[in-house]
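Beneath this line is the structure, given in structure tokens, with notes to follow.
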There are 2 protein chains.
Amino acid sequence: MSGSNSILPGFGCPVGFSDQQRIGIGHGGGGVLTRELFVKVFLPAFGNPVLERLGDAALLPPVEAGGRLAFSTDAYVVQPLFFPGGSIGDLAVNGTVNDLAMEGARAIALSAAFILEEGLSIDLLTEIAQAMGRAARDAGVEIVTGDTKVVERGRGDGCSITTAGIGVVPERSRLGATPIGPGDLILVSGSVGNHGMAVMSVREGLAFESPIVSDTQPLHRLVSDLLTACPETRLLRDPTRGGLAATLGEIAVGAGFGIELEEAAVPIEPAVAAACAILGLDPLEVASEGRFVAVVAAGDAQRGLAALRGHQVAGGYPAALAAQIGRVVAEHPGMVVARTAIGARRIVPMPLGELLPRIC
Amino acid sequence: MSGSNSILPGFGCPVGFSDQQRIGIGHGGGGVLTRELFVKVFLPAFGNPVLERLGDAALLPPVEAGGRLAFSTDAYVVQPLFFPGGSIGDLAVNGTVNDLAMEGARAIALSAAFILEEGLSIDLLTEIAQAMGRAARDAGVEIVTGDTKVVERGRGDGCSITTAGIGVVPERSRLGATPIGPGDLILVSGSVGNHGMAVMSVREGLAFESPIVSDTQPLHRLVSDLLTACPETRLLRDPTRGGLAATLGEIAVGAGFGIELEEAAVPIEPAVAAACAILGLDPLEVASEGRFVAVVAAGDAQRGLAALRGHQVAGGYPAALAAQIGRVVAEHPGMVVARTAIGARRIVPMPLGELLPRIC
């Protein structure tokens, strides 16, 4: 890269990236180096007029009248930073877009805060930032504000990213207006566990004929199609950490009813099932990052499934594996009970927590 | 603490905090342990109806008509986590409240994302969360959504926190409506450098007769008083990382004019000046966390100063040290030039960045 003086007039900056290919403590100091990182790495990746203004806070365009605001945040510490089908950058954008989508909201602005470890390659950071920019454009949202901090070597883990997002829930949204009740049906938007096993197969050095690819993707368009087909949808949740088991467990506890899961109906790709078997994991406990669970009125379920299956998800992954996987029952409140392929019944416990560390 | 089963009905959780006094990898897994941390640590500290709903995103009450939204985020990696006058928790809340205040916005909702290192004391985390809750209540805002991730021992640094905030700018706000021009005057709301030297004096083991106490505090009320007195205020900035030197440098570059700084007029407490002298630091480059710089119309400056001085800042710290410290000039565009106490002139360079790592 060329010298930095032309890009930072008035700062008389003596050190450019030409001299420094790795993150140093100074990049987090709020001075010339922090600004240079912003101008050379983040602005080209995220560039938009709101971010360029460079204020202490971003000022957003007016919100459509009548819409309610939704607000969400997630910290991302996935290792490795890149994996088949995505990177920490994709996860950080899609995860927050999807958390908003689970409330029926369309993301209107994202923030991104980076904690970088001294010694991180600036080229790697640039790749991550560019992945975030692409993911944001794909989701139709902009990263309008951010922050960068640097910690000493050995005090961090390369790059962790926290995103937050503001979304708008359309005034007409009836998501959640009717509470969950016995008889409601449970849909899942696609095969589960791909993300978790994509990360784990890299970490464990597993190789399959068809490699396992993360499902990370923005879900708001798919959600919008589902909500049009099923306006009385009770609840949406994305089965990330803890997988389907944690998500269904939380839904059962929150609703105060039981959930009956048809285990054979849960869509799981053969490679994911094989990897789980090798590693001794229950695929119901493995995270997805681009899937959601919907609790819908019984009468709407077929329309909902058709909408999900008819939607070619961004990134070219067909949602043809969307399935009806269970129902809400009055029995065993707060518990998920699976009917297995051979007709037996087993309790699906809430995962304790340590199954798959650092997958998002 | 008592067993956890009564708090987490339906989860059949076998492990309570009574058995586990430190953060483990499982606390970041999204299962029972993550939920237990939320229920026992964060909910009591932050408790409010929006957070209790526990959705993927928080749904906010409707925004006042006509107001524009502001959005900001900051990551906090300060070491040590507690210092005279505050903690990482206070900084994380006040910092985002203040970034919003710098745009004339009142914070209406905060998010908080934690990256915890395995082995962190849960008691310490509880203290931090309680400090955040108190700071949020003091600032009149609620923490409505959050996330917790855990990294392995040696891959993090105890506790880092990223907050994001949504603010509303009143429709009547004229902050920034008139651009900065020569003749505008520059005010600072109080003594500078206290926060940075409070943290550094702990790290360096410096002791003074009157200990240096961080200035961390919410600024929105003080900003509101200033904007009432000076409705044509051009710009507000808080001199955090990089201190007054970085803030004034950014203002000069952004405006395309020069800034003339009266060095003797900059309020610096004697203990801060002494600590800077011992450590060989320029107090102009040391961060504050509860101060702001205002660029105001020349005719408004006295009214603005009176408003700042008349305001007893939350926490009991009088703003009596508010001062007029310089002016905008047509000469030397993009540069800050200080007139020293003995009448000499020197360029105030933009700090490169590595002066004081990990102070916020």
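Chains: A, B, ... in order of the structure tokens. Residues: from 1 per chain. Ligands: from 1, in order shown.
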Would you mind listing what lies within 9 Å of Gly158 in chain B as a PyMOL selection string, with only C-alpha atoms counted and same-chain residues fewer than 6 positions away left out?
(chain A and resi 155) or (chain B and resi 81+115-121)
Selection file, N, CA, C and O atoms, as a compact mmCIF listing (two decimals), in the first residue's frame:
# COMPACT_ATOMS: atom_id res chain seq x y z
N ARG A 155 -3.71 -11.98 25.64
CA ARG A 155 -4.85 -11.54 26.44
C ARG A 155 -6.15 -11.59 25.64
O ARG A 155 -7.18 -11.13 26.11
N LEU B 81 -10.13 -4.16 36.29
CA LEU B 81 -11.57 -4.06 36.07
C LEU B 81 -12.22 -3.07 37.04
O LEU B 81 -13.26 -2.50 36.74
N ILE B 115 -17.77 -10.93 27.02
CA ILE B 115 -16.86 -12.03 26.69
C ILE B 115 -16.08 -12.33 27.97
O ILE B 115 -15.32 -11.48 28.46
N LEU B 116 -16.34 -13.49 28.54
CA LEU B 116 -15.77 -13.87 29.83
C LEU B 116 -14.69 -14.91 29.63
O LEU B 116 -14.81 -15.78 28.77
N GLU B 117 -13.65 -14.81 30.47
CA GLU B 117 -12.60 -15.82 30.41
C GLU B 117 -12.91 -16.89 31.45
O GLU B 117 -13.27 -16.58 32.60
N GLU B 118 -12.77 -18.12 31.02
CA GLU B 118 -12.93 -19.26 31.92
C GLU B 118 -12.14 -18.99 33.20
O GLU B 118 -10.98 -18.57 33.13
N GLY B 119 -12.76 -19.22 34.34
CA GLY B 119 -12.07 -19.01 35.61
C GLY B 119 -12.40 -17.69 36.28
O GLY B 119 -12.04 -17.47 37.44
N LEU B 120 -13.09 -16.79 35.57
CA LEU B 120 -13.49 -15.51 36.19
C LEU B 120 -14.38 -15.80 37.40
O LEU B 120 -15.28 -16.64 37.33
N SER B 121 -14.14 -15.08 38.47
CA SER B 121 -14.97 -15.23 39.66
C SER B 121 -16.39 -14.74 39.37
O SER B 121 -16.59 -13.64 38.85
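The shell of residues at most 10 Å from Ala341 in chain A, with only C-alpha atoms counted and near chain neighbours (fewer than 4 positions) removed, consists of Glu262, Glu263, Ala264, Ala265 and Arg345 of chain A.
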Per residue of chain A within 6 Å of chain B, record the nearest atom pair and its distance in Å to one decimal, counting only C-alpha atoms, with rows in chain order and ascending residue number, as a Markdown table.
| residue | atom | partner | partner_atom | distance |
| --- | --- | --- | --- | --- |
| A:Gly10 | CA | B:Gly334 | CA | 5.3 |
| A:Ile25 | CA | B:Glu354 | CA | 6.0 |
| A:Gly26 | CA | B:Glu354 | CA | 3.9 |
| A:Gly29 | CA | B:Gly353 | CA | 4.1 |
| A:Gly30 | CA | B:Arg241 | CA | 4.9 |
| A:Gly31 | CA | B:Gly353 | CA | 4.4 |
| A:Val32 | CA | B:Leu352 | CA | 4.7 |
| A:Leu33 | CA | B:Gly353 | CA | 5.9 |
| A:Asp56 | CA | B:Asp99 | CA | 4.9 |
| A:Ala57 | CA | B:Ser72 | CA | 4.5 |
| A:Ala58 | CA | B:Phe71 | CA | 5.0 |
| A:Leu59 | CA | B:Ala70 | CA | 4.5 |
| A:Leu60 | CA | B:Leu69 | CA | 5.4 |
| A:Pro62 | CA | B:Arg68 | CA | 5.8 |
| A:Arg68 | CA | B:Pro62 | CA | 5.8 |
| A:Leu69 | CA | B:Leu60 | CA | 5.4 |
| A:Ala70 | CA | B:Leu59 | CA | 4.5 |
| A:Phe71 | CA | B:Ala58 | CA | 5.0 |
| A:Ser72 | CA | B:Ala57 | CA | 4.5 |
| A:Thr73 | CA | B:Gly146 | CA | 5.8 |
| A:Asp74 | CA | B:Asp147 | CA | 5.3 |
| A:Ala75 | CA | B:Ala113 | CA | 5.8 |
| A:Asp99 | CA | B:Asp56 | CA | 5.0 |
| A:Leu100 | CA | B:Ala57 | CA | 5.5 |
| A:Ala113 | CA | B:Ala75 | CA | 5.8 |
| A:Thr145 | CA | B:Ser72 | CA | 6.0 |
| A:Gly146 | CA | B:Thr73 | CA | 5.8 |
| A:Asp147 | CA | B:Asp74 | CA | 5.3 |
| A:Arg155 | CA | B:Gly156 | CA | 5.0 |
| A:Gly156 | CA | B:Gly156 | CA | 4.3 |
| A:Asp157 | CA | B:Arg155 | CA | 5.1 |
| A:Arg241 | CA | B:Gly30 | CA | 4.9 |
| A:Gly242 | CA | B:Gly30 | CA | 5.3 |
| A:Gly334 | CA | B:Gly10 | CA | 5.3 |
| A:Pro351 | CA | B:Gly31 | CA | 5.0 |
| A:Leu352 | CA | B:Val32 | CA | 4.7 |
| A:Gly353 | CA | B:Gly29 | CA | 4.1 |
| A:Glu354 | CA | B:Gly26 | CA | 3.9 |
Next, dump the selected residues to file, keeping only N, CA, C and O atoms, as a short mmCIF file (atom, residue, chain, number, x, y, z; two decimals), in the first residue's frame.
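So the final result, stored in again.cif, reads:
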data_model
loop_
_atom_site.label_atom_id
_atom_site.label_comp_id
_atom_site.auth_asym_id
_atom_site.auth_seq_id
_atom_site.Cartn_x
_atom_site.Cartn_y
_atom_site.Cartn_z
N GLY A 10 -3.25 16.34 7.59
CA GLY A 10 -3.31 17.09 8.84
C GLY A 10 -2.83 16.30 10.03
O GLY A 10 -2.57 16.85 11.09
N ILE A 25 -0.71 -2.54 19.69
CA ILE A 25 -1.48 -1.92 20.76
C ILE A 25 -1.95 -0.52 20.34
O ILE A 25 -3.06 -0.10 20.64
N GLY A 26 -1.11 0.18 19.60
CA GLY A 26 -1.44 1.54 19.18
C GLY A 26 -2.70 1.63 18.33
O GLY A 26 -3.36 2.67 18.31
N GLY A 29 -5.61 2.83 20.36
CA GLY A 29 -5.39 3.99 21.23
C GLY A 29 -6.24 5.20 20.94
O GLY A 29 -6.18 6.18 21.67
N GLY A 30 -7.01 5.18 19.88
CA GLY A 30 -7.87 6.32 19.59
C GLY A 30 -7.16 7.44 18.86
O GLY A 30 -7.73 8.51 18.65
N GLY A 31 -5.92 7.20 18.42
CA GLY A 31 -5.19 8.25 17.73
C GLY A 31 -5.06 7.97 16.24
O GLY A 31 -5.98 7.44 15.61
N VAL A 32 -3.92 8.34 15.69
CA VAL A 32 -3.70 8.24 14.25
C VAL A 32 -3.84 6.80 13.76
O VAL A 32 -4.46 6.55 12.72
N LEU A 33 -3.28 5.84 14.50
CA LEU A 33 -3.32 4.45 14.03
C LEU A 33 -4.74 3.90 14.03
O LEU A 33 -5.13 3.16 13.12
N ASP A 56 -19.63 10.46 17.37
CA ASP A 56 -19.58 9.56 18.51
C ASP A 56 -20.71 8.53 18.42
O ASP A 56 -20.61 7.43 18.94
N ALA A 57 -21.80 8.93 17.80
CA ALA A 57 -22.91 8.01 17.56
C ALA A 57 -23.39 8.23 16.14
O ALA A 57 -23.15 9.28 15.56
N ALA A 58 -24.05 7.23 15.56
CA ALA A 58 -24.62 7.38 14.22
C ALA A 58 -26.01 7.97 14.33
O ALA A 58 -26.76 7.63 15.25
N LEU A 59 -26.36 8.85 13.42
CA LEU A 59 -27.73 9.36 13.37
C LEU A 59 -28.45 8.65 12.23
O LEU A 59 -27.95 8.57 11.11
N LEU A 60 -29.60 8.08 12.53
CA LEU A 60 -30.31 7.25 11.56
C LEU A 60 -31.41 8.03 10.87
O LEU A 60 -31.96 8.98 11.44
N PRO A 62 -35.23 8.74 9.61
CA PRO A 62 -36.45 8.54 10.40
C PRO A 62 -37.04 7.14 10.20
O PRO A 62 -36.93 6.55 9.14
N ARG A 68 -42.63 -0.57 15.54
CA ARG A 68 -41.94 -0.65 16.82
C ARG A 68 -40.48 -1.00 16.58
O ARG A 68 -40.14 -1.65 15.60
N LEU A 69 -39.63 -0.60 17.51
CA LEU A 69 -38.21 -0.91 17.39
C LEU A 69 -37.88 -2.23 18.08
O LEU A 69 -38.41 -2.53 19.14
N ALA A 70 -36.96 -2.96 17.47
CA ALA A 70 -36.37 -4.14 18.11
C ALA A 70 -34.88 -3.89 18.22
O ALA A 70 -34.29 -3.14 17.43
N PHE A 71 -34.24 -4.51 19.21
CA PHE A 71 -32.83 -4.23 19.52
C PHE A 71 -32.20 -5.54 19.97
O PHE A 71 -32.78 -6.27 20.78
N SER A 72 -31.03 -5.85 19.42
CA SER A 72 -30.39 -7.11 19.77
C SER A 72 -28.88 -6.99 19.70
O SER A 72 -28.35 -6.14 19.00
N THR A 73 -28.18 -7.84 20.43
CA THR A 73 -26.72 -7.87 20.36
C THR A 73 -26.23 -9.29 20.52
O THR A 73 -26.89 -10.12 21.16
N ASP A 74 -25.06 -9.59 19.94
CA ASP A 74 -24.38 -10.86 20.16
C ASP A 74 -22.88 -10.65 20.05
O ASP A 74 -22.42 -9.86 19.22
N ALA A 75 -22.15 -11.37 20.89
CA ALA A 75 -20.69 -11.39 20.81
C ALA A 75 -20.29 -12.65 20.07
O ALA A 75 -20.87 -13.71 20.28
N ASP A 99 -31.50 -12.45 14.77
CA ASP A 99 -32.14 -12.24 16.07
C ASP A 99 -33.26 -11.21 15.94
O ASP A 99 -34.31 -11.35 16.57
N LEU A 100 -33.04 -10.19 15.14
CA LEU A 100 -34.10 -9.20 14.90
C LEU A 100 -35.24 -9.84 14.12
O LEU A 100 -36.42 -9.62 14.44
N ALA A 113 -18.33 -3.83 17.06
CA ALA A 113 -17.21 -3.50 17.96
C ALA A 113 -16.23 -4.66 17.92
O ALA A 113 -16.61 -5.82 18.10
N THR A 145 -21.97 2.28 12.78
CA THR A 145 -21.14 2.78 13.87
C THR A 145 -20.32 1.61 14.42
O THR A 145 -20.68 0.45 14.21
N GLY A 146 -19.20 1.92 15.07
CA GLY A 146 -18.36 0.83 15.54
C GLY A 146 -17.29 1.30 16.49
O GLY A 146 -17.23 2.47 16.87
N ASP A 147 -16.44 0.36 16.88
CA ASP A 147 -15.36 0.65 17.82
C ASP A 147 -14.28 -0.42 17.64
O ASP A 147 -14.58 -1.55 17.23
N ARG A 155 -3.71 -11.98 25.64
CA ARG A 155 -4.85 -11.54 26.44
C ARG A 155 -6.15 -11.59 25.64
O ARG A 155 -7.18 -11.13 26.11
N GLY A 156 -6.07 -12.05 24.41
CA GLY A 156 -7.28 -12.12 23.58
C GLY A 156 -7.18 -13.36 22.72
O GLY A 156 -6.38 -14.25 22.99
N ASP A 157 -7.97 -13.39 21.66
CA ASP A 157 -7.94 -14.59 20.84
C ASP A 157 -8.08 -14.20 19.38
O ASP A 157 -9.02 -14.62 18.70
N ARG A 241 -26.71 -21.62 19.64
CA ARG A 241 -26.06 -22.38 20.72
C ARG A 241 -27.05 -23.30 21.43
O ARG A 241 -28.12 -22.86 21.83
N GLY A 242 -26.68 -24.55 21.61
CA GLY A 242 -27.56 -25.49 22.29
C GLY A 242 -28.50 -26.20 21.33
O GLY A 242 -29.20 -27.14 21.72
N GLY A 334 -43.36 -27.78 30.06
CA GLY A 334 -41.97 -27.37 30.22
C GLY A 334 -40.98 -28.41 29.74
O GLY A 334 -39.77 -28.18 29.83
N PRO A 351 -29.65 -28.87 27.05
CA PRO A 351 -28.20 -29.08 27.17
C PRO A 351 -27.66 -28.27 28.34
O PRO A 351 -28.11 -27.15 28.60
N LEU A 352 -26.70 -28.85 29.03
CA LEU A 352 -26.12 -28.14 30.16
C LEU A 352 -25.31 -26.95 29.68
O LEU A 352 -25.37 -25.87 30.25
N GLY A 353 -24.54 -27.16 28.61
CA GLY A 353 -23.87 -26.00 28.07
C GLY A 353 -22.51 -26.19 27.43
O GLY A 353 -22.12 -25.41 26.59
N GLU A 354 -21.75 -27.21 27.79
CA GLU A 354 -20.36 -27.25 27.36
C GLU A 354 -20.14 -28.07 26.09
O GLU A 354 -19.01 -28.40 25.74
#
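Residues with any atom within 9 Å of range 127-134 of chain A, counting only C-alpha atoms and excluding same-chain neighbours fewer than 4 positions away, are Val41, Phe42, Pro44, Ala45, Phe46, Gly47, Leu81, Phe82, Gly86, Ser87, Ile88, Gly89, Asp90, Leu91, Ala92, Val93, Asn94, Ile122, Asp123, Asp138, Ala139, Glu142 and Ile143 of chain A.
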Same residues, C-alpha atoms, output as a PDB file, in the first residue's frame:
ATOM      1  CA  VAL A  41      -9.915  -1.378   6.579  1.00  0.00           C
ATOM      2  CA  PHE A  42     -13.396  -0.646   7.897  1.00  0.00           C
ATOM      3  CA  PRO A  44     -13.887   0.535   2.435  1.00  0.00           C
ATOM      4  CA  ALA A  45     -15.598  -2.632   3.710  1.00  0.00           C
ATOM      5  CA  PHE A  46     -18.641  -1.034   5.345  1.00  0.00           C
ATOM      6  CA  GLY A  47     -18.665   2.344   3.569  1.00  0.00           C
ATOM      7  CA  LEU A  81     -12.230 -17.406  12.302  1.00  0.00           C
ATOM      8  CA  PHE A  82     -12.885 -18.878   8.852  1.00  0.00           C
ATOM      9  CA  GLY A  86     -18.388 -18.488   6.174  1.00  0.00           C
ATOM     10  CA  SER A  87     -16.384 -16.581   8.739  1.00  0.00           C
ATOM     11  CA  ILE A  88     -16.776 -14.772  12.033  1.00  0.00           C
ATOM     12  CA  GLY A  89     -17.695 -11.739   9.913  1.00  0.00           C
ATOM     13  CA  ASP A  90     -20.654 -13.487   8.275  1.00  0.00           C
ATOM     14  CA  LEU A  91     -21.842 -14.828  11.621  1.00  0.00           C
ATOM     15  CA  ALA A  92     -21.570 -11.437  13.314  1.00  0.00           C
ATOM     16  CA  VAL A  93     -23.783  -9.770  10.709  1.00  0.00           C
ATOM     17  CA  ASN A  94     -26.229 -12.600  10.021  1.00  0.00           C
ATOM     18  CA  ILE A 122      -4.245  -6.787   9.132  1.00  0.00           C
ATOM     19  CA  ASP A 123      -4.885  -8.724   5.917  1.00  0.00           C
ATOM     20  CA  ASP A 138     -26.847  -9.114   1.261  1.00  0.00           C
ATOM     21  CA  ALA A 139     -29.114  -8.508   4.255  1.00  0.00           C
ATOM     22  CA  GLU A 142     -25.599  -0.973   6.859  1.00  0.00           C
ATOM     23  CA  ILE A 143     -22.970  -1.025   9.584  1.00  0.00           C
TER      24      ILE A 143
END
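The interatomic distance for the pair CA of Leu308 in chain A and CA of Pro170 in chain A works out to 20.4 Å.
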Taking into account only C-alpha atoms, which residue in the set A:Ala344, A:Leu175, A:Ala301, A:Leu185 is nearest to Val329 in chain A?
A:Leu185
Taking into account only C-alpha atoms, which residue in the set B:Asn48, B:Ala136, B:Phe38, B:Arg346 is nearest to Pro218 in chain B?
B:Ala136
DSSP helix (DSSP H, G or I) residues within range 63-293 of chain B, listed as an NGL selection string:
:B and (88-101 or 122-138 or 194-204 or 220-229 or 243-255 or 263-265 or 270-279 or 283-285)
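Distances from B:Ala207, B:Arg137, B:Arg234, B:Ile212 to Arg174 in chain B were compared using only C-alpha atoms, and the smallest one belongs to B:Arg234.
Each of A:Ser189, A:Lys40, A:Pro231, A:Leu284 was checked against Ala338 in chain A using only C-alpha atoms; the smallest atom-to-atom distance is that of A:Leu284.
Atom pair CA of Ile259 in chain A / CA of Asp184 in chain A has a distance of 9.7 Å (rounded to one decimal).
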Find the spatial neighbours of range 190-194 of chain B, counting only C-alpha atoms, within a cut-off of 6 Å - ignore same-chain residues fewer than 4 positions away - and output them as a ChimeraX atom specification.
/B:198,214-215,267-268,286-288,291,319,321-322
Selection to disk with all heavy atoms, as a PDB file, in the first residue's frame:
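Final file, result15.pdb:
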ATOM      1  N   ALA B 198      -6.416   7.919  36.901  1.00  0.00           N
ATOM      2  CA  ALA B 198      -6.929   7.053  37.973  1.00  0.00           C
ATOM      3  C   ALA B 198      -6.557   5.603  37.673  1.00  0.00           C
ATOM      4  O   ALA B 198      -6.091   4.868  38.543  1.00  0.00           O
ATOM      5  CB  ALA B 198      -8.446   7.209  38.111  1.00  0.00           C
ATOM      6  N   SER B 214     -11.546   8.461  38.999  1.00  0.00           N
ATOM      7  CA  SER B 214     -12.080   8.530  37.632  1.00  0.00           C
ATOM      8  C   SER B 214     -13.246   9.500  37.545  1.00  0.00           C
ATOM      9  O   SER B 214     -14.026   9.648  38.495  1.00  0.00           O
ATOM     10  CB  SER B 214     -12.557   7.150  37.187  1.00  0.00           C
ATOM     11  OG  SER B 214     -13.307   7.250  35.984  1.00  0.00           O
ATOM     12  N   ASP B 215     -13.390  10.143  36.406  1.00  0.00           N
ATOM     13  CA  ASP B 215     -14.504  11.067  36.176  1.00  0.00           C
ATOM     14  C   ASP B 215     -15.695  10.386  35.529  1.00  0.00           C
ATOM     15  O   ASP B 215     -16.637  11.063  35.118  1.00  0.00           O
ATOM     16  CB  ASP B 215     -14.023  12.232  35.300  1.00  0.00           C
ATOM     17  CG  ASP B 215     -13.216  11.765  34.102  1.00  0.00           C
ATOM     18  OD1 ASP B 215     -13.802  11.092  33.229  1.00  0.00           O
ATOM     19  OD2 ASP B 215     -12.008  12.037  34.046  1.00  0.00           O
ATOM     20  N   PRO B 267      -8.428  22.954  32.358  1.00  0.00           N
ATOM     21  CA  PRO B 267      -8.484  22.581  33.778  1.00  0.00           C
ATOM     22  C   PRO B 267      -7.899  21.187  34.012  1.00  0.00           C
ATOM     23  O   PRO B 267      -8.369  20.209  33.430  1.00  0.00           O
ATOM     24  CB  PRO B 267      -9.983  22.613  34.102  1.00  0.00           C
ATOM     25  CG  PRO B 267     -10.693  22.543  32.803  1.00  0.00           C
ATOM     26  CD  PRO B 267      -9.761  22.971  31.723  1.00  0.00           C
ATOM     27  N   ILE B 268      -6.860  21.147  34.830  1.00  0.00           N
ATOM     28  CA  ILE B 268      -6.208  19.877  35.170  1.00  0.00           C
ATOM     29  C   ILE B 268      -5.991  19.864  36.679  1.00  0.00           C
ATOM     30  O   ILE B 268      -5.412  20.817  37.228  1.00  0.00           O
ATOM     31  CB  ILE B 268      -4.851  19.732  34.445  1.00  0.00           C
ATOM     32  CG1 ILE B 268      -5.059  19.771  32.927  1.00  0.00           C
ATOM     33  CG2 ILE B 268      -4.154  18.433  34.850  1.00  0.00           C
ATOM     34  CD1 ILE B 268      -3.767  19.904  32.138  1.00  0.00           C
ATOM     35  N   VAL B 286      -4.352  12.448  27.794  1.00  0.00           N
ATOM     36  CA  VAL B 286      -4.887  11.464  28.742  1.00  0.00           C
ATOM     37  C   VAL B 286      -6.423  11.507  28.715  1.00  0.00           C
ATOM     38  O   VAL B 286      -7.032  12.576  28.708  1.00  0.00           O
ATOM     39  CB  VAL B 286      -4.345  11.730  30.159  1.00  0.00           C
ATOM     40  CG1 VAL B 286      -4.945  10.742  31.151  1.00  0.00           C
ATOM     41  CG2 VAL B 286      -2.821  11.639  30.171  1.00  0.00           C
ATOM     42  N   ALA B 287      -7.029  10.332  28.724  1.00  0.00           N
ATOM     43  CA  ALA B 287      -8.478  10.211  28.548  1.00  0.00           C
ATOM     44  C   ALA B 287      -9.272  10.674  29.758  1.00  0.00           C
ATOM     45  O   ALA B 287      -8.901  10.438  30.902  1.00  0.00           O
ATOM     46  CB  ALA B 287      -8.848   8.759  28.267  1.00  0.00           C
ATOM     47  N   SER B 288     -10.397  11.299  29.477  1.00  0.00           N
ATOM     48  CA  SER B 288     -11.475  11.503  30.443  1.00  0.00           C
ATOM     49  C   SER B 288     -12.610  10.569  30.030  1.00  0.00           C
ATOM     50  O   SER B 288     -12.679  10.146  28.885  1.00  0.00           O
ATOM     51  CB  SER B 288     -11.960  12.950  30.395  1.00  0.00           C
ATOM     52  OG  SER B 288     -10.876  13.841  30.604  1.00  0.00           O
ATOM     53  N   ARG B 291     -16.339  13.846  30.672  1.00  0.00           N
ATOM     54  CA  ARG B 291     -16.145  15.244  30.276  1.00  0.00           C
ATOM     55  C   ARG B 291     -16.515  15.386  28.812  1.00  0.00           C
ATOM     56  O   ARG B 291     -16.459  14.399  28.064  1.00  0.00           O
ATOM     57  CB  ARG B 291     -14.667  15.650  30.432  1.00  0.00           C
ATOM     58  CG  ARG B 291     -14.129  15.508  31.837  1.00  0.00           C
ATOM     59  CD  ARG B 291     -14.725  16.554  32.768  1.00  0.00           C
ATOM     60  NE  ARG B 291     -14.144  16.412  34.094  1.00  0.00           N
ATOM     61  CZ  ARG B 291     -14.767  15.808  35.113  1.00  0.00           C
ATOM     62  NH1 ARG B 291     -15.989  15.312  34.943  1.00  0.00           N
ATOM     63  NH2 ARG B 291     -14.192  15.727  36.286  1.00  0.00           N
ATOM     64  N   ALA B 319     -19.098  20.818  38.520  1.00  0.00           N
ATOM     65  CA  ALA B 319     -18.561  21.126  37.199  1.00  0.00           C
ATOM     66  C   ALA B 319     -17.937  22.508  37.200  1.00  0.00           C
ATOM     67  O   ALA B 319     -17.852  23.166  36.176  1.00  0.00           O
ATOM     68  CB  ALA B 319     -19.667  21.033  36.162  1.00  0.00           C
ATOM     69  N   LEU B 321     -15.109  23.456  37.269  1.00  0.00           N
ATOM     70  CA  LEU B 321     -13.874  23.618  36.513  1.00  0.00           C
ATOM     71  C   LEU B 321     -14.117  23.781  35.014  1.00  0.00           C
ATOM     72  O   LEU B 321     -13.171  23.843  34.241  1.00  0.00           O
ATOM     73  CB  LEU B 321     -12.948  22.425  36.765  1.00  0.00           C
ATOM     74  CG  LEU B 321     -12.378  22.366  38.186  1.00  0.00           C
ATOM     75  CD1 LEU B 321     -11.642  21.063  38.414  1.00  0.00           C
ATOM     76  CD2 LEU B 321     -11.452  23.551  38.433  1.00  0.00           C
ATOM     77  N   ALA B 322     -15.397  23.821  34.629  1.00  0.00           N
ATOM     78  CA  ALA B 322     -15.682  24.054  33.217  1.00  0.00           C
ATOM     79  C   ALA B 322     -14.956  25.314  32.778  1.00  0.00           C
ATOM     80  O   ALA B 322     -14.879  26.288  33.527  1.00  0.00           O
ATOM     81  CB  ALA B 322     -17.184  24.190  32.989  1.00  0.00           C
TER      82      ALA B 322
END
As a ChimeraX atom specification, please: every residue in range 150-328 of chain B that a backbone DSSP assignment puts in strand (DSSP E or B).
/B:150-151,159-169,185-188,235-237,258-262,293-296,312-313,317-318,323-328
Taken to one decimal, the CA of Leu125 in chain A-CA of Met197 in chain A distance is 24.3 Å
